[in-house]
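First the structure, in the form of structure tokens, and then the observations on it.
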Amino acid sequence: AEAEAGRLPALLARADQLAGTVLLGDHGRRRAGLGDDFWQYRPAQMGDSKRMIDHRRSARGDQQFVREREWQIAQSVMLWIDQGASMRFCSEETRLPSKIERARLLGLAVAILLVRGGERVGLTGTTLPPRRGNAQILRLAQSFSVDAPQDYAPPEHRAMIPHARAVFISDFLGDLAEVRLALTKAADRGVRGVVLQVLDPSEEQFPFRGRTIFESVGGTLRHETLKANELRERYLTRLAERRDELMTLCRATGWQFGLHHTGESAQQALLWLYRALDGGTS
């Protein structure tokens with residue numbers, strides 16, 4: 001417990017610093033709806049009531065205009081960070097973070113940005129419902145520090161809040177049937193979101209040759225081969241097929257798909273996440 005708790009301050013500090021590199025704006029609010037701030041004028045349409053018409057703007061010409069206001073209703077955003085053992089893989093511990101370290105950092109950093117923007121953030125499922133405030137950030141950090149025992153943890157899809165947004169971060173190397181179920185249930189409830197696949201560079205390159213023992217991080221799977229290089233083409237083909245399946249699933253359910261390698265910039269990945277989450281609801 002002490003070891004787990006000891007990781008929290010460092011994770012919080014890194015996530016806060018990373019979030020600070022992204023320019024904060026009115027995230028998630030540049031849409032028409034209820035609010036007090038003027039957003040834009042638009043031509044009056046069939047179904048608009050007469051009281052919506054801005055007569056001062058309409059008096060400038062022959063067309064009637066409606067004055068729209070910004071949407072200022074806080075949204076709920078649900079996070080799922082894969083805590084499975086496969087996420088603890090790292091090919092070069094002295095140079096690269098593990099997949100789970102990068103996933104936790106990105107998940108917490110985007111949560112900080114959303115909370116600062118007035119959004120409610122929580123976890124998928126029932127353990128941590130979306131809330132505002134810095135105390136919620138600490139709760140999220142504590143939740144992210146708990147490893148799951150299984151090699152591949154399925155995405156949590158209970159208690160999806162209708163018309164909310166969601167972020168799923170994982171290597172997505174486990175059973176895709178669970179991912180399909182989660183995204184389908186989310187789409188049925190009007191939930192749109194972002195799927196970010198995080199991989200170690202070696203998982204894309206497959207640099208193995210000769211006699212090699214492949215073993216899952218959790219120790220439940222093991223395969224030994226004398227000619228690892230002969231597996232490379234089949235492995236890369238299956239990896240590409242899996243990614244295509246994920247992308248097709250995202251398109252079908254209205255989600256956005258992204259890919260990130262742990263050797264790449266965390267700032268770049270966070271900026272993409274931040275923009276994709278906002279754009280996915282427009």
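Naming scheme: A, B, ... for chains in displayed order of the structure tokens; residues 1 onward per chain; ligands 1 onward as shown.
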### Query
How would you write, as a VMD selection string, the set of residues in range 109-269 of chain A that DSSP gives as strand (DSSP E)?
chain A and resid 120 to 123 165 to 170 192 to 199 212 to 215 222 to 225 256 to 261
Export of the given selection (N, CA and C atoms) as a CSV table (one decimal), in the first residue's frame:
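After the write, again_11.csv holds the following:
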```csv
chain,number,residue,atom,x,y,z
A,120,ARG,N,-17.4,17.5,-15.7
A,120,ARG,CA,-17.4,16.5,-14.7
A,120,ARG,C,-16.7,15.3,-15.2
A,121,VAL,N,-15.8,14.7,-14.4
A,121,VAL,CA,-14.9,13.6,-14.9
A,121,VAL,C,-15.0,12.5,-13.9
A,122,GLY,N,-15.1,11.2,-14.4
A,122,GLY,CA,-15.1,10.1,-13.5
A,122,GLY,C,-14.7,8.8,-14.3
A,123,LEU,N,-14.9,7.7,-13.7
A,123,LEU,CA,-14.6,6.4,-14.3
A,123,LEU,C,-15.8,5.7,-14.9
A,165,ARG,N,-19.5,11.7,-22.7
A,165,ARG,CA,-18.4,11.4,-23.6
A,165,ARG,C,-17.5,10.4,-22.8
A,166,ALA,N,-16.6,9.7,-23.5
A,166,ALA,CA,-15.8,8.7,-22.8
A,166,ALA,C,-14.4,8.6,-23.5
A,167,VAL,N,-13.4,8.2,-22.7
A,167,VAL,CA,-12.1,8.0,-23.2
A,167,VAL,C,-11.6,6.6,-22.8
A,168,PHE,N,-11.3,5.7,-23.7
A,168,PHE,CA,-10.7,4.4,-23.5
A,168,PHE,C,-9.2,4.4,-23.9
A,169,ILE,N,-8.3,4.1,-23.0
A,169,ILE,CA,-6.9,4.0,-23.3
A,169,ILE,C,-6.4,2.6,-22.9
A,170,SER,N,-5.9,1.9,-23.9
A,170,SER,CA,-5.4,0.5,-23.7
A,170,SER,C,-4.5,0.1,-24.8
A,192,ARG,N,-20.4,9.2,-27.0
A,192,ARG,CA,-19.4,9.3,-28.1
A,192,ARG,C,-18.0,9.5,-27.3
A,193,GLY,N,-17.0,9.0,-28.0
A,193,GLY,CA,-15.7,9.2,-27.3
A,193,GLY,C,-14.5,8.9,-28.1
A,194,VAL,N,-13.4,8.6,-27.4
A,194,VAL,CA,-12.1,8.4,-28.1
A,194,VAL,C,-11.5,7.1,-27.6
A,195,VAL,N,-11.0,6.3,-28.6
A,195,VAL,CA,-10.2,5.1,-28.3
A,195,VAL,C,-8.7,5.4,-28.6
A,196,LEU,N,-7.9,5.3,-27.6
A,196,LEU,CA,-6.4,5.5,-27.9
A,196,LEU,C,-5.7,4.2,-27.6
A,197,GLN,N,-5.1,3.7,-28.6
A,197,GLN,CA,-4.2,2.5,-28.5
A,197,GLN,C,-2.8,2.9,-28.2
A,198,VAL,N,-2.3,2.4,-27.1
A,198,VAL,CA,-0.9,2.7,-26.6
A,198,VAL,C,-0.1,1.4,-26.8
A,199,LEU,N,1.0,1.5,-27.5
A,199,LEU,CA,1.8,0.4,-27.8
A,199,LEU,C,3.3,0.7,-27.5
A,212,THR,N,13.6,-17.6,-29.0
A,212,THR,CA,13.0,-16.6,-28.2
A,212,THR,C,11.8,-17.2,-27.4
A,213,ILE,N,11.7,-16.8,-26.2
A,213,ILE,CA,10.6,-17.2,-25.3
A,213,ILE,C,9.7,-16.0,-25.1
A,214,PHE,N,8.5,-16.1,-25.6
A,214,PHE,CA,7.5,-15.1,-25.4
A,214,PHE,C,6.6,-15.4,-24.3
A,215,GLU,N,6.5,-14.5,-23.3
A,215,GLU,CA,5.7,-14.8,-22.1
A,215,GLU,C,4.9,-13.5,-21.7
A,222,ARG,N,2.6,-18.5,-22.6
A,222,ARG,CA,4.0,-18.7,-22.9
A,222,ARG,C,4.2,-19.4,-24.2
A,223,HIS,N,5.1,-18.9,-25.0
A,223,HIS,CA,5.4,-19.6,-26.3
A,223,HIS,C,6.9,-19.5,-26.6
A,224,GLU,N,7.5,-20.6,-27.0
A,224,GLU,CA,8.9,-20.7,-27.3
A,224,GLU,C,9.1,-21.0,-28.8
A,225,THR,N,10.0,-20.4,-29.4
A,225,THR,CA,10.3,-20.6,-30.8
A,225,THR,C,11.8,-20.6,-31.1
A,256,GLN,N,-13.7,8.1,-32.1
A,256,GLN,CA,-12.5,8.4,-32.8
A,256,GLN,C,-11.4,7.5,-32.3
A,257,PHE,N,-10.5,7.1,-33.3
A,257,PHE,CA,-9.4,6.1,-33.0
A,257,PHE,C,-8.1,6.9,-33.1
A,258,GLY,N,-7.2,6.6,-32.2
A,258,GLY,CA,-5.9,7.2,-32.2
A,258,GLY,C,-4.8,6.1,-31.8
A,259,LEU,N,-3.6,6.3,-32.3
A,259,LEU,CA,-2.5,5.4,-31.9
A,259,LEU,C,-1.4,6.2,-31.4
A,260,HIS,N,-0.8,5.6,-30.3
A,260,HIS,CA,0.3,6.3,-29.6
A,260,HIS,C,1.4,5.3,-29.2
A,261,HIS,N,2.6,5.6,-29.5
A,261,HIS,CA,3.7,4.7,-29.0
A,261,HIS,C,4.5,5.4,-27.9
```
#### Entry: Spatial neighbours of range 14-24 of chain A, max dist 12 Å, only C-alpha atoms, sep filter under 2 positions, as JSON, numbers by chain
{"A": [7, 8, 9, 10, 11, 12, 26, 27, 28, 101, 102, 103, 104, 105, 106, 107, 108, 109, 110, 111, 112, 113, 114, 115, 116, 117, 118, 134, 137, 138, 140, 141, 265, 266, 267, 268, 269, 270, 271, 272, 273, 274, 275]}
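The shortest atom-to-atom distance to Lys185 in chain A, with only C-alpha atoms taken into account, belongs to A:Arg158 out of A:Arg158, A:Arg211, A:Arg243, A:Arg57.
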### Query
When DSSP works through the backbone of this structure, what residues of range 142-257 of chain A end up as alpha helix (DSSP H), shown as a ChimeraX atom specification?
/A:142-144,176-188,201-205,232-253
#### Entry: Contact residues around Thr262 in chain A with only C-alpha atoms at 9 Å, ignoring same-chain residues under 5 positions, as a VMD selection string
chain A and resid 90 96 to 99 102 198 to 201
Quick one: write out the picked residues with N, CA, C and O atoms as a CSV table (one decimal), in the first residue's frame?
```csv
chain,number,residue,atom,x,y,z
A,90,CYS,N,7.3,-3.2,-21.0
A,90,CYS,CA,8.3,-2.1,-21.5
A,90,CYS,C,9.5,-2.8,-22.0
A,90,CYS,O,10.1,-3.6,-21.4
A,96,LEU,N,12.4,4.0,-21.9
A,96,LEU,CA,10.9,4.2,-22.2
A,96,LEU,C,10.1,4.0,-21.0
A,96,LEU,O,10.4,3.2,-20.1
A,97,PRO,N,8.9,4.7,-21.0
A,97,PRO,CA,7.9,4.3,-19.9
A,97,PRO,C,7.2,3.1,-20.3
A,97,PRO,O,7.1,2.7,-21.5
A,98,SER,N,6.6,2.4,-19.3
A,98,SER,CA,5.7,1.3,-19.7
A,98,SER,C,4.4,1.8,-20.3
A,98,SER,O,4.1,3.0,-20.1
A,99,LYS,N,3.7,1.0,-20.9
A,99,LYS,CA,2.4,1.4,-21.5
A,99,LYS,C,1.5,1.9,-20.4
A,99,LYS,O,0.8,2.9,-20.6
A,102,ARG,N,2.4,5.5,-19.3
A,102,ARG,CA,2.0,6.5,-20.2
A,102,ARG,C,0.4,6.6,-20.3
A,102,ARG,O,-0.1,7.8,-20.4
A,198,VAL,N,-2.3,2.4,-27.1
A,198,VAL,CA,-0.9,2.7,-26.6
A,198,VAL,C,-0.1,1.4,-26.8
A,198,VAL,O,-0.4,0.4,-26.2
A,199,LEU,N,1.0,1.5,-27.5
A,199,LEU,CA,1.8,0.4,-27.8
A,199,LEU,C,3.3,0.7,-27.5
A,199,LEU,O,3.7,1.9,-27.7
A,200,ASP,N,4.1,-0.3,-27.1
A,200,ASP,CA,5.5,-0.2,-27.0
A,200,ASP,C,6.1,-0.3,-28.5
A,200,ASP,O,5.6,-1.0,-29.3
A,201,PRO,N,7.1,0.5,-28.8
A,201,PRO,CA,7.7,0.4,-30.1
A,201,PRO,C,8.0,-1.0,-30.6
A,201,PRO,O,7.8,-1.3,-31.8
```
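In this structure, CA of Pro155 in chain A sits 14.6 Å away from CA of Ile100 in chain A.
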